[in-house]
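This is target28.cif. It holds mmCIF, C-alpha atoms; chains and numbers go by the auth columns.
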data_input
#
loop_
_atom_site.group_PDB
_atom_site.id
_atom_site.type_symbol
_atom_site.label_atom_id
_atom_site.label_comp_id
_atom_site.label_asym_id
_atom_site.label_seq_id
_atom_site.Cartn_x
_atom_site.Cartn_y
_atom_site.Cartn_z
_atom_site.B_iso_or_equiv
_atom_site.auth_seq_id
_atom_site.auth_asym_id
ATOM 1 C CA MET A 1 28.333 36.770 -44.888 0.00 1 A
ATOM 2 C CA THR A 2 27.427 35.176 -41.608 0.00 2 A
ATOM 3 C CA LEU A 3 28.308 31.713 -40.459 0.00 3 A
ATOM 4 C CA LEU A 4 24.731 30.660 -41.200 0.00 4 A
ATOM 5 C CA ASP A 5 24.982 32.002 -44.771 0.00 5 A
ATOM 6 C CA ASP A 6 28.304 30.200 -45.261 0.00 6 A
ATOM 7 C CA ASN A 7 26.827 26.938 -43.987 0.00 7 A
ATOM 8 C CA LEU A 8 23.748 27.263 -46.181 0.00 8 A
ATOM 9 C CA THR A 9 25.855 28.025 -49.264 0.00 9 A
ATOM 10 C CA SER A 10 28.180 25.144 -48.489 0.00 10 A
ATOM 11 C CA SER A 11 25.231 22.825 -47.904 0.00 11 A
ATOM 12 C CA LEU A 12 23.608 23.855 -51.206 0.00 12 A
ATOM 13 C CA ASP A 13 26.908 23.386 -53.038 0.00 13 A
ATOM 14 C CA ASP A 14 27.227 19.893 -51.551 0.00 14 A
ATOM 15 C CA MET A 15 23.674 18.965 -52.536 0.00 15 A
ATOM 16 C CA THR A 16 23.812 20.328 -56.058 0.00 16 A
ATOM 17 C CA SER A 17 27.145 18.662 -56.767 0.00 17 A
ATOM 18 C CA SER A 18 25.918 15.215 -55.712 0.00 18 A
ATOM 19 C CA PRO A 19 25.663 12.539 -58.411 0.00 19 A
ATOM 20 C CA TYR A 20 21.862 12.718 -58.251 0.00 20 A
ATOM 21 C CA TYR A 21 21.928 16.286 -59.458 0.00 21 A
ATOM 22 C CA SER A 22 24.826 16.151 -61.873 0.00 22 A
ATOM 23 C CA SER A 23 23.398 13.380 -64.029 0.00 23 A
ATOM 24 C CA VAL A 24 20.627 14.891 -66.097 0.00 24 A
ATOM 25 C CA PRO A 25 19.336 12.558 -68.810 0.00 25 A
ATOM 26 C CA ASP A 26 20.224 13.784 -72.305 0.00 26 A
ATOM 27 C CA TYR A 27 16.604 13.847 -73.404 0.00 27 A
ATOM 28 C CA MET A 28 15.842 16.181 -70.489 0.00 28 A
ATOM 29 C CA ALA A 29 18.847 18.404 -71.113 0.00 29 A
ATOM 30 C CA GLU A 30 17.452 19.067 -74.586 0.00 30 A
ATOM 31 C CA ASN A 31 14.179 20.369 -73.121 0.00 31 A
ATOM 32 C CA PHE A 32 15.741 23.012 -70.889 0.00 32 A
ATOM 33 C CA SER A 33 18.550 25.544 -71.004 0.00 33 A
ATOM 34 C CA LYS A 34 21.530 25.231 -68.666 0.00 34 A
ATOM 35 C CA ALA A 35 20.257 28.244 -66.697 0.00 35 A
ATOM 36 C CA GLN A 36 16.873 26.579 -66.257 0.00 36 A
ATOM 37 C CA LEU A 37 18.467 23.292 -65.174 0.00 37 A
ATOM 38 C CA ASP A 38 20.593 25.161 -62.630 0.00 38 A
ATOM 39 C CA GLU A 39 17.491 26.920 -61.285 0.00 39 A
ATOM 40 C CA PHE A 40 15.593 23.616 -61.074 0.00 40 A
ATOM 41 C CA LYS A 41 18.509 21.906 -59.312 0.00 41 A
ATOM 42 C CA GLU A 42 18.729 24.676 -56.753 0.00 42 A
ATOM 43 C CA ALA A 43 14.995 24.611 -56.016 0.00 43 A
ATOM 44 C CA PHE A 44 14.965 20.829 -55.829 0.00 44 A
ATOM 45 C CA ALA A 45 17.977 20.804 -53.499 0.00 45 A
ATOM 46 C CA LEU A 46 16.260 23.171 -51.078 0.00 46 A
ATOM 47 C CA PHE A 47 13.483 20.628 -50.546 0.00 47 A
ATOM 48 C CA ASP A 48 15.793 17.597 -50.444 0.00 48 A
ATOM 49 C CA ALA A 49 16.149 17.769 -46.662 0.00 49 A
ATOM 50 C CA THR A 50 18.087 14.504 -46.377 0.00 50 A
ATOM 51 C CA SER A 51 20.398 15.114 -49.384 0.00 51 A
ATOM 52 C CA SER A 52 19.189 11.786 -50.766 0.00 52 A
ATOM 53 C CA GLY A 53 18.538 13.143 -54.240 0.00 53 A
ATOM 54 C CA SER A 54 14.780 12.977 -53.850 0.00 54 A
ATOM 55 C CA VAL A 55 11.879 14.882 -52.353 0.00 55 A
ATOM 56 C CA PRO A 56 8.649 13.498 -50.925 0.00 56 A
ATOM 57 C CA VAL A 57 5.764 13.247 -53.405 0.00 57 A
ATOM 58 C CA GLN A 58 3.633 15.424 -51.113 0.00 58 A
ATOM 59 C CA ASP A 59 6.157 18.306 -51.539 0.00 59 A
ATOM 60 C CA ILE A 60 6.080 18.354 -55.346 0.00 60 A
ATOM 61 C CA GLY A 61 3.576 21.224 -55.494 0.00 61 A
ATOM 62 C CA THR A 62 5.704 23.320 -53.159 0.00 62 A
ATOM 63 C CA VAL A 63 8.826 22.700 -55.244 0.00 63 A
ATOM 64 C CA VAL A 64 7.015 23.698 -58.440 0.00 64 A
ATOM 65 C CA ARG A 65 5.619 26.814 -56.739 0.00 65 A
ATOM 66 C CA SER A 66 9.112 27.775 -55.610 0.00 66 A
ATOM 67 C CA LEU A 67 9.947 28.078 -59.310 0.00 67 A
ATOM 68 C CA GLY A 68 7.248 30.712 -59.732 0.00 68 A
ATOM 69 C CA HIS A 69 4.444 28.535 -61.073 0.00 69 A
ATOM 70 C CA ASN A 70 1.040 28.299 -59.507 0.00 70 A
ATOM 71 C CA PRO A 71 -0.413 24.888 -60.229 0.00 71 A
ATOM 72 C CA SER A 72 -3.927 24.309 -58.951 0.00 72 A
ATOM 73 C CA LYS A 73 -4.579 21.839 -56.158 0.00 73 A
ATOM 74 C CA THR A 74 -6.175 19.606 -58.793 0.00 74 A
ATOM 75 C CA ASP A 75 -3.022 19.693 -60.962 0.00 75 A
ATOM 76 C CA VAL A 76 -0.785 18.907 -57.988 0.00 76 A
ATOM 77 C CA GLN A 77 -3.091 16.075 -56.908 0.00 77 A
ATOM 78 C CA LYS A 78 -3.052 14.675 -60.451 0.00 78 A
ATOM 79 C CA ILE A 79 0.776 14.664 -60.470 0.00 79 A
ATOM 80 C CA GLN A 80 0.934 13.091 -57.006 0.00 80 A
ATOM 81 C CA ASP A 81 -1.616 10.423 -57.940 0.00 81 A
ATOM 82 C CA GLU A 82 0.316 9.562 -61.087 0.00 82 A
ATOM 83 C CA LEU A 83 3.561 9.210 -59.119 0.00 83 A
ATOM 84 C CA ARG A 84 1.936 7.141 -56.402 0.00 84 A
ATOM 85 C CA LYS A 85 0.272 4.930 -59.022 0.00 85 A
ATOM 86 C CA ASP A 86 3.819 4.011 -60.046 0.00 86 A
ATOM 87 C CA GLY A 87 4.555 3.178 -56.384 0.00 87 A
ATOM 88 C CA LYS A 88 6.634 6.265 -55.670 0.00 88 A
ATOM 89 C CA GLU A 89 6.618 8.193 -52.422 0.00 89 A
ATOM 90 C CA GLU A 90 9.825 10.050 -53.327 0.00 90 A
ATOM 91 C CA VAL A 91 10.583 11.961 -56.524 0.00 91 A
ATOM 92 C CA GLU A 92 14.135 11.944 -57.911 0.00 92 A
ATOM 93 C CA PHE A 93 15.498 14.896 -59.855 0.00 93 A
ATOM 94 C CA GLY A 94 15.178 13.176 -63.255 0.00 94 A
ATOM 95 C CA ASP A 95 11.505 12.420 -62.564 0.00 95 A
ATOM 96 C CA PHE A 96 11.031 16.017 -61.434 0.00 96 A
ATOM 97 C CA LEU A 97 12.380 17.234 -64.781 0.00 97 A
ATOM 98 C CA GLY A 98 9.924 14.919 -66.502 0.00 98 A
ATOM 99 C CA ILE A 99 7.081 16.466 -64.515 0.00 99 A
ATOM 100 C CA LEU A 100 8.216 19.959 -65.469 0.00 100 A
ATOM 101 C CA ALA A 101 8.478 19.007 -69.137 0.00 101 A
ATOM 102 C CA LYS A 102 5.072 17.321 -69.176 0.00 102 A
ATOM 103 C CA TYR A 103 2.960 19.656 -67.065 0.00 103 A
ATOM 104 C CA PHE A 104 4.757 22.980 -67.342 0.00 104 A
ATOM 105 C CA LYS A 105 5.685 23.257 -70.998 0.00 105 A
ATOM 106 C CA ASP A 106 5.619 27.045 -70.751 0.00 106 A
ATOM 107 C CA LEU A 107 8.966 26.798 -68.933 0.00 107 A
ATOM 108 C CA GLU A 108 10.650 26.314 -72.288 0.00 108 A
ATOM 109 C CA ASP A 109 9.194 29.542 -73.595 0.00 109 A
ATOM 110 C CA GLN A 110 10.371 31.773 -70.772 0.00 110 A
ATOM 111 C CA ASP A 111 12.588 34.486 -72.144 0.00 111 A
ATOM 112 C CA PRO A 112 12.736 37.594 -69.951 0.00 112 A
ATOM 113 C CA ALA A 113 13.600 39.882 -72.876 0.00 113 A
ATOM 114 C CA ALA A 114 10.707 38.530 -74.946 0.00 114 A
ATOM 115 C CA GLU A 115 8.325 38.873 -71.998 0.00 115 A
ATOM 116 C CA LEU A 116 9.394 42.504 -71.507 0.00 116 A
ATOM 117 C CA LYS A 117 8.931 43.256 -75.207 0.00 117 A
ATOM 118 C CA GLN A 118 5.479 41.674 -75.097 0.00 118 A
ATOM 119 C CA ALA A 119 4.547 43.796 -72.081 0.00 119 A
ATOM 120 C CA PHE A 120 5.593 46.982 -73.857 0.00 120 A
ATOM 121 C CA LYS A 121 3.675 46.004 -77.000 0.00 121 A
ATOM 122 C CA VAL A 122 0.500 46.296 -74.966 0.00 122 A
ATOM 123 C CA PHE A 123 1.230 49.998 -74.458 0.00 123 A
ATOM 124 C CA ASP A 124 2.661 50.696 -77.945 0.00 124 A
ATOM 125 C CA LYS A 125 -0.541 52.164 -79.375 0.00 125 A
ATOM 126 C CA ARG A 126 1.000 53.212 -82.709 0.00 126 A
ATOM 127 C CA GLY A 127 2.798 49.902 -83.205 0.00 127 A
ATOM 128 C CA ASP A 128 6.090 51.633 -83.946 0.00 128 A
ATOM 129 C CA GLY A 129 8.124 50.274 -81.030 0.00 129 A
ATOM 130 C CA THR A 130 7.776 53.387 -78.868 0.00 130 A
ATOM 131 C CA ILE A 131 5.694 54.513 -75.924 0.00 131 A
ATOM 132 C CA ASN A 132 4.813 58.160 -75.438 0.00 132 A
ATOM 133 C CA VAL A 133 6.548 59.606 -72.340 0.00 133 A
ATOM 134 C CA ASN A 134 3.278 60.977 -70.954 0.00 134 A
ATOM 135 C CA GLU A 135 1.611 57.589 -71.430 0.00 135 A
ATOM 136 C CA LEU A 136 4.495 55.836 -69.681 0.00 136 A
ATOM 137 C CA ILE A 137 4.318 58.262 -66.758 0.00 137 A
ATOM 138 C CA HIS A 138 0.564 57.693 -66.537 0.00 138 A
ATOM 139 C CA ILE A 139 0.993 53.903 -66.632 0.00 139 A
ATOM 140 C CA LEU A 140 3.722 53.861 -63.991 0.00 140 A
ATOM 141 C CA SER A 141 1.787 56.267 -61.758 0.00 141 A
ATOM 142 C CA THR A 142 -1.308 54.108 -62.074 0.00 142 A
ATOM 143 C CA LEU A 143 0.749 51.070 -61.055 0.00 143 A
ATOM 144 C CA GLY A 144 1.913 52.870 -57.916 0.00 144 A
ATOM 145 C CA SER A 145 5.276 54.364 -58.878 0.00 145 A
ATOM 146 C CA ASN A 146 5.958 57.765 -57.331 0.00 146 A
ATOM 147 C CA LEU A 147 7.561 59.678 -60.202 0.00 147 A
ATOM 148 C CA GLN A 148 8.809 63.236 -60.363 0.00 148 A
ATOM 149 C CA ARG A 149 9.081 65.032 -63.670 0.00 149 A
ATOM 150 C CA MET A 150 12.624 66.113 -64.546 0.00 150 A
ATOM 151 C CA LYS A 151 13.123 69.521 -66.129 0.00 151 A
#

Would you write the structure of this file as structure tokens?
Amino acid sequence: MTLLDDNLTSSLDDMTSSPYYSSVPDYMAENFSKAQLDEFKEAFALFDATSSGSVPVQDIGTVVRSLGHNPSKTDVQKIQDELRKDGKEEVEFGDFLGILAKYFKDLEDQDPAAELKQAFKVFDKRGDGTINVNELIHILSTLGSNLQRMK
């Protein structure tokens, strides 16, 4: 690790251990797994430039996108308008969790193993939980993988 990496890690550790990030309301903790909360805290901390425990309302779309979601400009504007209607120009972590719970309910359903199984079901033509080797090779080749057949 370089000095820059050490400083960044230390800075992130400082931000994510602040009282703003450690106090997650119980009703929010029930909506998300610990792994999800950790991921949200890390993303939120990256955009909390002043370590104040909040991010500017105008950055909310960027924070959500950093979590892998792609809200439309209209959705982001709707969220920003709702926050500003309440007189907010900064979003605290608890409010951010509320936004995620309200507008991005699919976060609760994310299970990588289930998503992988669902993807394979598309190619399981017989419905028996298997994919023919030749079909798999064809699929992967079509998607751009450079495969060599083993003897």

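Using all atoms listed in the file, the smallest distance between any of A:Leu97, A:Glu92, A:Lys73, A:Ser54 and Phe40 (chain A) comes from A:Leu97.
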
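Take CA of Gly98 (chain A) and CA of Thr62 (chain A): the distance between them is 16.3 Å.
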
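Of the residues under consideration (A:Gly129, A:Glu42, A:Leu136, A:Ile79), A:Ile79 shows the shortest atom-to-atom contact distance to Leu100 (chain A) when counting all atoms listed in the file.
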
Starting from 4 Å padding per side, set up an axis-aligned box that covers all listed atoms of region 78-92 of chain A and hand over centre and edge lengths in Å, one decimal, as AutoDock Vina command-line options.
--center_x 5.5 --center_y 8.9 --center_z -56.8 --size_x 25.2 --size_y 19.5 --size_z 16.7

Quiz item: Pick the closest to Ala101 (chain A) from A:Ser141, A:Glu82, A:Val133, A:Val64: which is it, counting all atoms listed in the file?
Solution: A:Val64

Quiz prompt | Explicit residue set for the PyMOL selection byres ((chain A and resi 76) around 12), as a ChimeraX atom specification | solution = /A:57-65,69-75,77-83,99-100,103-104

Could you take the residues named above and write them with C-alpha atoms, as an mmCIF file, in the coordinates of the input?
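Contents of selection06.cif, freshly written:
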data_model
loop_
_atom_site.group_PDB
_atom_site.id
_atom_site.type_symbol
_atom_site.label_atom_id
_atom_site.label_comp_id
_atom_site.auth_asym_id
_atom_site.auth_seq_id
_atom_site.Cartn_x
_atom_site.Cartn_y
_atom_site.Cartn_z
ATOM 1 C CA VAL A 57 5.764 13.247 -53.405
ATOM 2 C CA GLN A 58 3.633 15.424 -51.113
ATOM 3 C CA ASP A 59 6.157 18.306 -51.539
ATOM 4 C CA ILE A 60 6.080 18.354 -55.346
ATOM 5 C CA GLY A 61 3.576 21.224 -55.494
ATOM 6 C CA THR A 62 5.704 23.320 -53.159
ATOM 7 C CA VAL A 63 8.826 22.700 -55.244
ATOM 8 C CA VAL A 64 7.015 23.698 -58.440
ATOM 9 C CA ARG A 65 5.619 26.814 -56.739
ATOM 10 C CA HIS A 69 4.444 28.535 -61.073
ATOM 11 C CA ASN A 70 1.040 28.299 -59.507
ATOM 12 C CA PRO A 71 -0.413 24.888 -60.229
ATOM 13 C CA SER A 72 -3.927 24.309 -58.951
ATOM 14 C CA LYS A 73 -4.579 21.839 -56.158
ATOM 15 C CA THR A 74 -6.175 19.606 -58.793
ATOM 16 C CA ASP A 75 -3.022 19.693 -60.962
ATOM 17 C CA GLN A 77 -3.091 16.075 -56.908
ATOM 18 C CA LYS A 78 -3.052 14.675 -60.451
ATOM 19 C CA ILE A 79 0.776 14.664 -60.470
ATOM 20 C CA GLN A 80 0.934 13.091 -57.006
ATOM 21 C CA ASP A 81 -1.616 10.423 -57.940
ATOM 22 C CA GLU A 82 0.316 9.562 -61.087
ATOM 23 C CA LEU A 83 3.561 9.210 -59.119
ATOM 24 C CA ILE A 99 7.081 16.466 -64.515
ATOM 25 C CA LEU A 100 8.216 19.959 -65.469
ATOM 26 C CA TYR A 103 2.960 19.656 -67.065
ATOM 27 C CA PHE A 104 4.757 22.980 -67.342
#

Quiz prompt | Gap from CA of Ala45 (chain A) to CA of Asp86 (chain A) - Å, one decimal | solution = 22.9 Å

Quiz item: Suppose you want the space between CA of Leu37 (chain A) and CA of Gly87 (chain A); what is it in Å?
Solution: 26.0 Å

Exercise. May I ask which of the residues A:Phe123, A:Phe44, A:Phe96, A:Phe32 is the closest one to His138 (chain A), counting all atoms listed in the file?
Key: A:Phe123

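The residue that comes closest to Pro56 (chain A), out of A:Lys34, A:Arg84, A:Lys121, A:Lys41 and on the basis of all atoms listed in the file, is A:Arg84.
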